[in-house]
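So this one's my_file_31.cif, mmCIF, C-alpha atoms and all ligand atoms:
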data_structure
loop_
_atom_site.group_PDB
_atom_site.id
_atom_site.type_symbol
_atom_site.label_atom_id
_atom_site.label_comp_id
_atom_site.auth_asym_id
_atom_site.auth_seq_id
_atom_site.Cartn_x
_atom_site.Cartn_y
_atom_site.Cartn_z
ATOM 1 C CA MET A 1 1.562 1.973 22.011
ATOM 2 C CA ALA A 2 3.050 2.022 18.515
ATOM 3 C CA ALA A 3 3.452 -1.367 16.826
ATOM 4 C CA GLN A 4 6.931 -2.880 16.929
ATOM 5 C CA TYR A 5 6.844 -3.570 13.239
ATOM 6 C CA VAL A 6 4.908 -1.662 10.587
ATOM 7 C CA GLY A 7 5.573 -2.541 6.966
ATOM 8 C CA ARG A 8 3.968 -1.328 3.804
ATOM 9 C CA PHE A 9 3.543 -2.031 0.124
ATOM 10 C CA ALA A 10 3.524 1.214 -1.824
ATOM 11 C CA PRO A 11 2.809 0.682 -5.529
ATOM 12 C CA SER A 12 2.541 3.542 -7.998
ATOM 13 C CA PRO A 13 -0.509 3.088 -10.229
ATOM 14 C CA SER A 14 1.543 3.343 -13.416
ATOM 15 C CA GLY A 15 0.304 -0.096 -14.517
ATOM 16 C CA PRO A 16 -1.001 -3.427 -13.167
ATOM 17 C CA LEU A 17 1.187 -5.627 -10.955
ATOM 18 C CA HIS A 18 3.809 -7.649 -12.821
ATOM 19 C CA PHE A 19 5.832 -10.570 -11.494
ATOM 20 C CA GLY A 20 8.495 -8.314 -9.911
ATOM 21 C CA SER A 21 5.978 -6.202 -8.032
ATOM 22 C CA LEU A 22 4.146 -9.327 -6.856
ATOM 23 C CA ALA A 23 7.444 -10.677 -5.461
ATOM 24 C CA THR A 24 7.973 -7.357 -3.648
ATOM 25 C CA ALA A 25 4.449 -7.431 -2.251
ATOM 26 C CA LEU A 26 4.881 -11.044 -1.109
ATOM 27 C CA ALA A 27 8.257 -10.375 0.549
ATOM 28 C CA SER A 28 7.051 -7.301 2.399
ATOM 29 C CA PHE A 29 3.855 -9.124 3.471
ATOM 30 C CA LEU A 30 5.775 -12.155 4.764
ATOM 31 C CA ASP A 31 8.389 -10.069 6.556
ATOM 32 C CA ALA A 32 5.636 -8.120 8.341
ATOM 33 C CA ARG A 33 3.509 -11.153 9.189
ATOM 34 C CA GLN A 34 6.452 -13.208 10.447
ATOM 35 C CA ASN A 35 7.294 -10.316 12.769
ATOM 36 C CA ARG A 36 3.663 -10.037 13.900
ATOM 37 C CA GLY A 37 3.570 -6.588 12.382
ATOM 38 C CA HIS A 38 1.049 -4.486 10.533
ATOM 39 C CA TRP A 39 1.188 -4.462 6.758
ATOM 40 C CA LEU A 40 -0.191 -1.357 5.068
ATOM 41 C CA LEU A 41 -1.181 -0.644 1.491
ATOM 42 C CA ARG A 42 -0.367 2.818 0.180
ATOM 43 C CA ILE A 43 -1.173 3.839 -3.377
ATOM 44 C CA GLU A 44 1.486 6.302 -4.522
ATOM 45 C CA ASP A 45 -0.649 8.318 -6.908
ATOM 46 C CA ILE A 46 1.083 11.695 -6.768
ATOM 47 C CA ASP A 47 2.205 11.677 -10.381
ATOM 48 C CA PRO A 48 -0.945 12.097 -12.532
ATOM 49 C CA PRO A 49 0.950 12.183 -15.865
ATOM 50 C CA ARG A 50 2.329 8.675 -15.171
ATOM 51 C CA GLU A 51 -0.871 7.239 -13.789
ATOM 52 C CA VAL A 52 -2.644 4.584 -15.868
ATOM 53 C CA SER A 53 -6.397 4.625 -15.616
ATOM 54 C CA GLY A 54 -7.745 1.568 -13.785
ATOM 55 C CA ALA A 55 -4.315 0.519 -12.477
ATOM 56 C CA THR A 56 -5.167 1.163 -8.819
ATOM 57 C CA ASP A 57 -8.196 -1.132 -8.992
ATOM 58 C CA GLU A 58 -6.197 -3.787 -10.826
ATOM 59 C CA ILE A 59 -3.434 -3.686 -8.206
ATOM 60 C CA ILE A 60 -5.955 -3.977 -5.381
ATOM 61 C CA SER A 61 -7.770 -6.925 -6.937
ATOM 62 C CA ALA A 62 -4.493 -8.679 -7.738
ATOM 63 C CA LEU A 63 -3.434 -8.413 -4.082
ATOM 64 C CA ILE A 64 -6.784 -9.762 -2.943
ATOM 65 C CA CYS A 65 -6.666 -12.665 -5.426
ATOM 66 C CA HIS A 66 -3.193 -13.560 -4.131
ATOM 67 C CA GLY A 67 -4.353 -13.538 -0.504
ATOM 68 C CA LEU A 68 -2.159 -10.557 0.390
ATOM 69 C CA GLN A 69 -4.553 -8.797 2.735
ATOM 70 C CA TRP A 70 -3.393 -5.490 4.187
ATOM 71 C CA ASP A 71 -4.358 -3.989 7.543
ATOM 72 C CA GLY A 72 -6.605 -0.961 7.901
ATOM 73 C CA GLU A 73 -7.678 1.474 5.234
ATOM 74 C CA ILE A 74 -5.863 1.908 1.941
ATOM 75 C CA THR A 75 -3.926 5.175 1.914
ATOM 76 C CA ARG A 76 -3.757 7.282 -1.244
ATOM 77 C CA GLN A 77 -1.033 9.879 -1.569
ATOM 78 C CA SER A 78 -3.299 12.039 -3.712
ATOM 79 C CA GLU A 79 -5.345 12.673 -0.556
ATOM 80 C CA ARG A 80 -2.428 13.699 1.635
ATOM 81 C CA SER A 81 -1.356 17.099 0.271
ATOM 82 C CA ASP A 82 -1.844 18.732 3.663
ATOM 83 C CA LEU A 83 0.835 16.539 5.219
ATOM 84 C CA TYR A 84 3.276 17.255 2.380
ATOM 85 C CA ASP A 85 2.608 21.016 2.586
ATOM 86 C CA ARG A 86 3.188 20.942 6.322
ATOM 87 C CA ALA A 87 6.517 19.160 5.834
ATOM 88 C CA LEU A 88 7.549 21.715 3.191
ATOM 89 C CA ALA A 89 6.650 24.527 5.595
ATOM 90 C CA GLU A 90 8.743 22.872 8.298
ATOM 91 C CA LEU A 91 11.730 22.564 5.977
ATOM 92 C CA HIS A 92 11.277 26.206 4.994
ATOM 93 C CA ARG A 93 11.034 27.367 8.595
ATOM 94 C CA ASN A 94 14.332 25.678 9.360
ATOM 95 C CA GLY A 95 16.108 27.109 6.330
ATOM 96 C CA HIS A 96 16.354 23.804 4.425
ATOM 97 C CA LEU A 97 14.263 24.723 1.399
ATOM 98 C CA TYR A 98 14.805 26.905 -1.640
ATOM 99 C CA ALA A 99 13.221 27.417 -5.025
ATOM 100 C CA CYS A 100 15.464 26.535 -7.935
ATOM 101 C CA THR A 101 14.830 26.178 -11.641
ATOM 102 C CA CYS A 102 18.332 24.890 -12.457
ATOM 103 C CA THR A 103 18.682 21.647 -14.341
ATOM 104 C CA ARG A 104 20.557 18.728 -12.793
ATOM 105 C CA LYS A 105 23.366 19.383 -15.265
ATOM 106 C CA GLN A 106 23.748 22.994 -14.177
ATOM 107 C CA LEU A 107 23.837 21.942 -10.545
ATOM 108 C CA ARG A 108 26.432 19.265 -11.204
ATOM 109 C CA ALA A 109 28.604 21.709 -13.138
ATOM 110 C CA ALA A 110 28.448 24.142 -10.233
ATOM 111 C CA GLY A 111 29.346 21.600 -7.548
ATOM 112 C CA LYS A 112 27.854 22.179 -4.156
ATOM 113 C CA SER A 113 28.882 24.806 -1.682
ATOM 114 C CA GLY A 114 26.075 25.833 0.594
ATOM 115 C CA PRO A 115 22.777 25.540 -1.216
ATOM 116 C CA GLY A 116 23.879 24.058 -4.521
ATOM 117 C CA CYS A 117 22.397 26.601 -6.873
ATOM 118 C CA PRO A 118 24.669 28.316 -9.396
ATOM 119 C CA GLN A 119 22.144 30.944 -10.374
ATOM 120 C CA ASN A 120 20.280 33.435 -8.344
ATOM 121 C CA CYS A 121 17.337 31.142 -7.810
ATOM 122 C CA LYS A 122 17.187 31.752 -4.097
ATOM 123 C CA SER A 123 15.241 34.940 -4.676
ATOM 124 C CA LEU A 124 12.461 33.000 -6.418
ATOM 125 C CA ASP A 125 9.082 32.800 -4.748
ATOM 126 C CA LEU A 126 8.675 29.503 -2.888
ATOM 127 C CA ALA A 127 4.931 29.694 -2.994
ATOM 128 C CA HIS A 128 4.748 29.935 -6.782
ATOM 129 C CA GLU A 129 3.751 26.564 -8.230
ATOM 130 C CA ASP A 130 5.977 26.971 -11.273
ATOM 131 C CA ASN A 131 9.065 27.048 -9.115
ATOM 132 C CA PRO A 132 10.509 23.648 -8.224
ATOM 133 C CA LEU A 133 11.662 23.361 -4.611
ATOM 134 C CA ARG A 134 14.894 21.740 -3.504
ATOM 135 C CA VAL A 135 15.984 20.631 -0.081
ATOM 136 C CA ALA A 136 19.428 21.771 1.020
ATOM 137 C CA VAL A 137 21.023 18.506 2.172
ATOM 138 C CA PRO A 138 23.545 18.417 5.003
ATOM 139 C CA SER A 139 27.175 17.758 4.125
ATOM 140 C CA GLY A 140 28.872 14.488 5.062
ATOM 141 C CA CYS A 141 27.971 10.814 4.890
ATOM 142 C CA VAL A 142 24.452 9.525 5.416
ATOM 143 C CA THR A 143 23.788 5.902 6.357
ATOM 144 C CA ALA A 144 20.700 3.842 5.547
ATOM 145 C CA ASN A 145 20.584 0.480 7.286
ATOM 146 C CA ASP A 146 19.633 -2.417 5.067
ATOM 147 C CA LEU A 147 18.842 -5.680 6.840
ATOM 148 C CA LEU A 148 20.300 -7.721 4.002
ATOM 149 C CA LEU A 149 22.928 -5.517 2.397
ATOM 150 C CA GLY A 150 24.209 -3.795 5.500
ATOM 151 C CA ALA A 151 24.948 -0.101 5.925
ATOM 152 C CA GLN A 152 24.428 1.908 2.758
ATOM 153 C CA ILE A 153 26.638 4.922 3.167
ATOM 154 C CA ALA A 154 26.455 7.811 0.736
ATOM 155 C CA ARG A 155 27.516 11.412 0.280
ATOM 156 C CA VAL A 156 24.067 12.705 -0.585
ATOM 157 C CA ASP A 157 25.483 16.236 -0.725
ATOM 158 C CA GLU A 158 27.737 15.210 -3.609
ATOM 159 C CA ASP A 159 25.398 12.903 -5.453
ATOM 160 C CA PRO A 160 22.667 13.874 -6.176
ATOM 161 C CA GLY A 161 23.175 17.061 -4.116
ATOM 162 C CA ASP A 162 20.192 19.196 -3.166
ATOM 163 C CA PHE A 163 17.242 17.293 -4.579
ATOM 164 C CA LEU A 164 13.703 18.201 -5.555
ATOM 165 C CA VAL A 165 10.928 17.868 -3.029
ATOM 166 C CA ARG A 166 8.332 19.672 -5.108
ATOM 167 C CA ARG A 167 8.428 19.592 -8.876
ATOM 168 C CA ARG A 168 7.378 22.181 -11.431
ATOM 169 C CA GLY A 169 3.610 22.533 -11.483
ATOM 170 C CA GLY A 170 3.350 21.996 -7.728
ATOM 171 C CA LEU A 171 3.701 18.191 -7.960
ATOM 172 C CA TYR A 172 5.132 16.674 -4.795
ATOM 173 C CA ALA A 173 8.295 14.699 -5.407
ATOM 174 C CA TYR A 174 8.424 10.989 -4.601
ATOM 175 C CA GLN A 175 11.215 11.571 -2.035
ATOM 176 C CA LEU A 176 9.091 13.955 0.003
ATOM 177 C CA ALA A 177 5.858 11.966 -0.113
ATOM 178 C CA VAL A 178 7.481 8.658 0.801
ATOM 179 C CA VAL A 179 9.394 10.101 3.763
ATOM 180 C CA VAL A 180 6.395 12.004 5.108
ATOM 181 C CA ASP A 181 4.053 9.021 4.718
ATOM 182 C CA ASP A 182 6.436 6.482 6.212
ATOM 183 C CA TYR A 183 6.742 8.759 9.227
ATOM 184 C CA HIS A 184 3.042 9.508 9.674
ATOM 185 C CA GLN A 185 2.139 5.851 9.168
ATOM 186 C CA GLN A 186 4.829 4.881 11.699
ATOM 187 C CA VAL A 187 6.463 2.556 9.203
ATOM 188 C CA THR A 188 9.414 0.809 10.803
ATOM 189 C CA HIS A 189 10.441 -1.492 7.924
ATOM 190 C CA VAL A 190 10.620 -0.595 4.235
ATOM 191 C CA VAL A 191 10.821 -3.723 2.070
ATOM 192 C CA ARG A 192 11.095 -2.843 -1.627
ATOM 193 C CA GLY A 193 12.998 -3.447 -4.851
ATOM 194 C CA ALA A 194 16.711 -2.772 -5.145
ATOM 195 C CA ASP A 195 16.034 -0.232 -7.887
ATOM 196 C CA LEU A 196 15.218 2.116 -5.005
ATOM 197 C CA LEU A 197 18.339 1.293 -2.998
ATOM 198 C CA ASP A 198 20.198 4.495 -3.793
ATOM 199 C CA ASN A 199 17.160 6.549 -2.765
ATOM 200 C CA SER A 200 17.467 5.319 0.818
ATOM 201 C CA PRO A 201 20.301 7.603 2.033
ATOM 202 C CA ARG A 202 18.485 10.540 0.424
ATOM 203 C CA GLN A 203 15.337 9.596 2.306
ATOM 204 C CA VAL A 204 17.256 9.153 5.563
ATOM 205 C CA ALA A 205 18.780 12.622 5.070
ATOM 206 C CA LEU A 206 15.378 14.184 4.451
ATOM 207 C CA ALA A 207 13.839 12.361 7.421
ATOM 208 C CA GLY A 208 16.668 13.724 9.586
ATOM 209 C CA LEU A 209 15.985 17.308 8.497
ATOM 210 C CA LEU A 210 12.335 16.833 9.431
ATOM 211 C CA GLY A 211 13.218 15.286 12.794
ATOM 212 C CA TYR A 212 11.840 11.854 11.840
ATOM 213 C CA PRO A 213 13.481 8.533 12.760
ATOM 214 C CA ALA A 214 14.785 6.523 9.798
ATOM 215 C CA PRO A 215 13.099 3.180 9.052
ATOM 216 C CA ARG A 216 15.044 -0.022 8.443
ATOM 217 C CA TYR A 217 15.311 -1.141 4.862
ATOM 218 C CA LEU A 218 15.318 -4.470 3.072
ATOM 219 C CA HIS A 219 16.053 -4.179 -0.633
ATOM 220 C CA LEU A 220 15.045 -7.141 -2.750
ATOM 221 C CA PRO A 221 16.571 -8.538 -5.929
ATOM 222 C CA LEU A 222 14.988 -7.261 -9.118
ATOM 223 C CA ALA A 223 13.132 -9.436 -11.588
ATOM 224 C CA LEU A 224 14.615 -8.896 -15.054
ATOM 225 C CA ASP A 225 13.158 -9.461 -18.501
ATOM 226 C CA ASP A 226 14.771 -11.553 -21.266
ATOM 227 C CA THR A 227 16.982 -8.643 -22.257
ATOM 228 C CA GLY A 228 18.249 -8.132 -18.704
ATOM 229 C CA ARG A 229 16.136 -5.042 -18.045
ATOM 230 C CA LYS A 230 14.138 -4.655 -14.845
ATOM 231 C CA LEU A 231 10.505 -5.648 -15.276
ATOM 232 C CA SER A 232 8.658 -2.407 -15.115
ATOM 233 C CA LYS A 233 5.083 -1.245 -15.334
ATOM 234 C CA GLN A 234 6.077 1.675 -17.549
ATOM 235 C CA THR A 235 7.832 -0.534 -20.074
ATOM 236 C CA GLY A 236 4.759 -2.744 -20.292
ATOM 237 C CA ALA A 237 5.820 -5.819 -18.284
ATOM 238 C CA ARG A 238 3.177 -8.535 -18.581
ATOM 239 C CA PRO A 239 0.511 -8.199 -15.864
ATOM 240 C CA ILE A 240 0.215 -11.186 -13.551
ATOM 241 C CA ASP A 241 -2.725 -13.456 -14.240
ATOM 242 C CA ASN A 242 -5.035 -13.635 -11.247
ATOM 243 C CA ASN A 243 -6.304 -17.013 -12.486
ATOM 244 C CA SER A 244 -2.932 -18.561 -11.664
ATOM 245 C CA ALA A 245 -2.501 -16.920 -8.282
ATOM 246 C CA LEU A 246 -1.078 -19.943 -6.468
ATOM 247 C CA ASP A 247 1.439 -20.621 -9.250
ATOM 248 C CA ASN A 248 2.431 -16.942 -9.248
ATOM 249 C CA LEU A 249 3.037 -17.046 -5.501
ATOM 250 C CA LEU A 250 5.086 -20.238 -5.780
ATOM 251 C CA SER A 251 7.212 -18.688 -8.543
ATOM 252 C CA ALA A 252 7.717 -15.537 -6.465
ATOM 253 C CA TRP A 253 8.729 -17.654 -3.453
ATOM 254 C CA THR A 254 11.337 -19.472 -5.561
ATOM 255 C CA PHE A 255 12.525 -16.199 -7.096
ATOM 256 C CA LEU A 256 13.046 -14.868 -3.563
ATOM 257 C CA GLY A 257 15.452 -17.741 -2.906
ATOM 258 C CA GLN A 258 13.292 -19.362 -0.231
ATOM 259 C CA ILE A 259 13.292 -22.986 0.926
ATOM 260 C CA ALA A 260 11.898 -25.547 -1.540
ATOM 261 C CA LEU A 261 8.411 -26.886 -0.805
ATOM 262 C CA GLN A 262 8.091 -30.634 -0.322
ATOM 263 C CA ALA A 263 4.640 -30.752 -1.865
ATOM 264 C CA ARG A 264 2.383 -28.370 -3.676
ATOM 265 C CA PRO A 265 0.089 -26.566 -1.199
ATOM 266 C CA GLN A 266 -3.638 -27.174 -1.647
ATOM 267 C CA ASN A 267 -4.475 -23.499 -1.823
ATOM 268 C CA ILE A 268 -3.239 -19.955 -1.234
ATOM 269 C CA ALA A 269 -4.104 -19.918 2.470
ATOM 270 C CA GLU A 270 -2.052 -23.073 3.050
ATOM 271 C CA PHE A 271 0.878 -21.654 1.106
ATOM 272 C CA LEU A 272 0.832 -18.334 2.977
ATOM 273 C CA GLN A 273 0.655 -20.040 6.348
ATOM 274 C CA PHE A 274 3.690 -22.127 5.441
ATOM 275 C CA ALA A 275 5.507 -19.139 3.929
ATOM 276 C CA VAL A 276 5.000 -16.872 6.946
ATOM 277 C CA GLY A 277 6.607 -19.548 9.132
ATOM 278 C CA ARG A 278 9.527 -20.323 6.824
ATOM 279 C CA TRP A 279 10.311 -16.875 5.389
ATOM 280 C CA SER A 280 14.011 -16.095 5.745
ATOM 281 C CA ARG A 281 15.662 -12.786 4.917
ATOM 282 C CA GLN A 282 19.019 -14.543 4.897
ATOM 283 C CA LEU A 283 18.032 -16.710 1.924
ATOM 284 C CA LEU A 284 17.287 -13.716 -0.282
ATOM 285 C CA PRO A 285 19.653 -13.356 -3.212
ATOM 286 C CA ARG A 286 21.668 -10.225 -2.605
ATOM 287 C CA ALA A 287 20.894 -7.299 -4.841
ATOM 288 C CA ASN A 288 24.045 -5.378 -5.666
ATOM 289 C CA SER A 289 24.712 -2.659 -3.204
ATOM 290 C CA ALA A 290 24.972 0.379 -5.436
ATOM 291 C CA ILE A 291 26.350 2.929 -3.074
ATOM 292 C CA CYS A 292 29.779 3.692 -1.738
ATOM 293 C CA CYS A 293 31.131 6.634 0.162
HETATM 294 N N1 LIG A 301 5.930 3.678 -5.472
HETATM 295 C C1 LIG A 301 7.187 3.029 -5.712
HETATM 296 C C2 LIG A 301 7.044 2.018 -6.834
HETATM 297 O O1 LIG A 301 5.948 1.621 -7.197
HETATM 298 C C3 LIG A 301 7.715 2.324 -4.480
HETATM 299 C C4 LIG A 301 8.142 3.285 -3.443
HETATM 300 C C5 LIG A 301 8.736 2.673 -2.189
HETATM 301 O O2 LIG A 301 8.522 1.496 -1.914
HETATM 302 O O3 LIG A 301 9.401 3.417 -1.487
HETATM 303 O O4 LIG A 301 8.054 1.619 -7.384
#
For the structure just supplied, provide its representation as C-alpha cells.
Amino acid sequence: MAAQYVGRFAPSPSGPLHFGSLATALASFLDARQNRGHWLLRIEDIDPPREVSGATDEIISALICHGLQWDGEITRQSERSDLYDRALAELHRNGHLYACTCTRKQLRAAGKSGPGCPQNCKSLDLAHEDNPLRVAVPSGCVTANDLLLGAQIARVDEDPGDFLVRRRGGLYAYQLAVVVDDYHQQVTHVVRGADLLDNSPRQVALAGLLGYPAPRYLHLPLALDDTGRKLSKQTGARPIDNNSALDNLLSAWTFLGQIALQARPQNIAEFLQFAVGRWSRQLLPRANSAICC
C-alpha cells in the first residue's frame, strides 16, 4: 500500500546549502515526520551548465550534519532520462506536445489560440535535439492547493502559456522532471520555497495532461539577504557552517515562526524530537500568494 504521506527535499546542485535552503529542508522534514511519512532526497541535477562541482556532496553532508536523514536511496534526476522520455512520448501521443523555437516574447505577442505558436514551428521535428518542445496547456483556470496559502488559481494558458518541457540541446525542463519524479516517487506533499509558488499551477496542469494526481503544496517564506533579495545559491549566498549545526537549526526554527523553546536543547537529536512534536504549519509566516485568476 502506498504511504499516506510522502515528502521530498529536491535541491539543485547549483551551490552548497544556505540558510534558506536549510529552512526548507527542515520544514519539509518536520512536516513529513510529524505526519509519519517518508521523506525523500532528490538531487535535481538536470541542468549541467548550472551545476557547481562538489555541490551535491556538500548538500548531502550538510543534511547529515544537521540530522536530516532521508528515507531510502538518494534519487538523481540525471539518471532518470528514460522516465522523462516516456512522459514526453505520452504527451506526444495525446497531441499535447509540439516543437517550437519561438522566444517567450514572440509567443506573448501572438497571444494563445490553440497551440500558442505564431510561426510554423509545428512542422519541426520533435525528435531533433535542437528543437525545444512545448506542452500545449489546456485553456481555463488551474488550481494548486496550498496547505497554508489556500487555492492558487491561475490561467496557465494565458501566463506563461504553452511552456517548455524540453529545452534546446535536449535538456529536460525543470517543470517536466519535477512532475514526472513527484509522480513516480508517489510524492503526496511538496514543501518548498515560495519562489516556486507560481510554478505550482503549471505543474498541476502538466500532471493532469499526463493523468497524474496533483500533490498538495506548502510554500514557505523566503529568507532574504540584507538588500531584500532572496538568498540564492547562484548569487553566492553564504553556505551554512556544519560546525554550528544546532544553532543553524534553532535559527531556522525561529525563522519558520515556530514556538519558542524554553531551554536550549542538548543536541540535534533532542531538538529534532521536540521539533517533530511541536511543528505547526499554522505558525508559518505567510509568503505572499503571487497568483490570481
Ligand atoms: N530544485 C529546486 C531548487 O533547488 C526545487 C524544486 C522543487 O522543490 O520543486 O530550488
Neighbours of ligand LIG 301 (chain A) at 10 Å or closer, counting only C-alpha atoms and all ligand atoms: which residues, as a PyMOL selection string? chain A and resi 8-15+17+21+24-25+28+42-46+174-175+177-179+181-182+190-197+199-200+203+217+219+232-233
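The interatomic distance for the pair atom CA of Leu133 of chain A and atom CA of Ala154 of chain A works out to 22.1 Å.
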Suppose a student applies the PyMOL selection byres (((chain A and resi 89) around 12) and not hetatm) to this structure; what residues should they get, written as a PDB file with C-alpha atoms, in the frame of the given file?
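Below you can see out-v2.pdb, which holds the result:
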ATOM      1  CA  ASP A  82      -1.844  18.732   3.663  1.00  0.00           C
ATOM      2  CA  LEU A  83       0.835  16.539   5.219  1.00  0.00           C
ATOM      3  CA  TYR A  84       3.276  17.255   2.380  1.00  0.00           C
ATOM      4  CA  ASP A  85       2.608  21.016   2.586  1.00  0.00           C
ATOM      5  CA  ARG A  86       3.188  20.942   6.322  1.00  0.00           C
ATOM      6  CA  ALA A  87       6.517  19.160   5.834  1.00  0.00           C
ATOM      7  CA  LEU A  88       7.549  21.715   3.191  1.00  0.00           C
ATOM      8  CA  GLU A  90       8.743  22.872   8.298  1.00  0.00           C
ATOM      9  CA  LEU A  91      11.730  22.564   5.977  1.00  0.00           C
ATOM     10  CA  HIS A  92      11.277  26.206   4.994  1.00  0.00           C
ATOM     11  CA  ARG A  93      11.034  27.367   8.595  1.00  0.00           C
ATOM     12  CA  ASN A  94      14.332  25.678   9.360  1.00  0.00           C
ATOM     13  CA  GLY A  95      16.108  27.109   6.330  1.00  0.00           C
ATOM     14  CA  HIS A  96      16.354  23.804   4.425  1.00  0.00           C
ATOM     15  CA  LEU A  97      14.263  24.723   1.399  1.00  0.00           C
ATOM     16  CA  TYR A  98      14.805  26.905  -1.640  1.00  0.00           C
ATOM     17  CA  LEU A 126       8.675  29.503  -2.888  1.00  0.00           C
ATOM     18  CA  ALA A 127       4.931  29.694  -2.994  1.00  0.00           C
ATOM     19  CA  LEU A 133      11.662  23.361  -4.611  1.00  0.00           C
ATOM     20  CA  VAL A 135      15.984  20.631  -0.081  1.00  0.00           C
ATOM     21  CA  VAL A 165      10.928  17.868  -3.029  1.00  0.00           C
ATOM     22  CA  ARG A 166       8.332  19.672  -5.108  1.00  0.00           C
ATOM     23  CA  LEU A 210      12.335  16.833   9.431  1.00  0.00           C
TER      24      LEU A 210
END
A:Cys102, A:Ala136, A:Ala207, A:Leu41: which is nearest Val6 of chain A, counting only C-alpha atoms? A:Leu41
Coordinates of box centre and edge lengths for segment 229-234 of chain A, 6 Å on every side, axis-aligned, as JSON:
{"center_x": 10.6, "center_y": -2.0, "center_z": -16.4, "size_x": 23.1, "size_y": 19.3, "size_z": 15.2}
Distance criterion (all atoms listed in the file): nearest to Thr75 of chain A out of A:Lys105, A:His184, A:Arg278, A:Arg155: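 Among A:Lys105, A:His184, A:Arg278, A:Arg155, it is A:His184 that comes nearest to Thr75 of chain A.
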Counting only C-alpha atoms, which residue out of A:Gln273, A:Pro138, A:Leu107, A:Arg80 sits closest to Tyr172 of chain A?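 Ranked by minimum distance to Tyr172 of chain A, first place goes to A:Arg80.
Minimum atom-to-atom distance to Gln69 of chain A, evaluated using all atoms listed in the file, belongs to A:His38 out of A:Gly161, A:His38, A:Leu209, A:Asn131.
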Nearest to Arg134 of chain A by atom-to-atom distance, counting only C-alpha atoms, from A:Ala62, A:Leu147, A:Leu176, A:Val187: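 Using only C-alpha atoms, Arg134 of chain A sits closest to A:Leu176.
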Atom-to-atom span, atom CA of Arg202 of chain A and atom CA of Ala32 of chain A, Å: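 Calculated distance between atom CA of Arg202 of chain A and atom CA of Ala32 of chain A is 24.0 Å.
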So which one's closest to Cys65 of chain A, A:Leu22, A:Leu261, A:Leu222, A:Ala110? Using all atoms listed in the file, please.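 So, comparing all the options, the nearest one is A:Leu22.
Once Gly150 of chain A and its same-chain neighbours fewer than 6 positions away are set aside, Thr143, Ala144, Tyr217, Leu218 and Ser289 of chain A remain within 10 Å of it when counting only C-alpha atoms.
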Using Å and a single decimal, report how far atom CA of Ser244 of chain A sits from atom CA of Pro16 of chain A. 15.3 Å
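For Pro221 of chain A, the residues within 8 Å (counting all atoms listed in the file, excluding itself and residues fewer than 4 positions away along the chain) are Gly193, Ala194, Leu256, Leu284, Pro285, Arg286 and Ala287 of chain A.
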Neighbours of Gly140 of chain A within 12 Å (all atoms listed in the file; same-chain residues fewer than 5 positions away dropped), as number ranges by chain? A: 153-159, 161, 201, 205, 293
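What the PyMOL selection byres (((chain A and resi 130) around 12) and not hetatm) matches in the given file is Ala99, Cys100, Thr101, Leu124, Asp125, Leu126, Ala127, His128, Glu129, Asn131, Pro132, Leu133, Arg166, Arg167, Arg168, Gly169, Gly170 and Leu171 of chain A.
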Quick one: residues within 10 Å of Gln186 of chain A, only C-alpha atoms counted, chain neighbours fewer than 2 positions away excluded, as a list in words?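 Once the adjacent positions are removed, what remains is Ala2, Ala3, Gln4, Tyr5, Val6, Gly7, Val180, Asp181, Asp182, Tyr183, His184, Thr188, His189, Tyr212, Pro213 and Pro215 of chain A.
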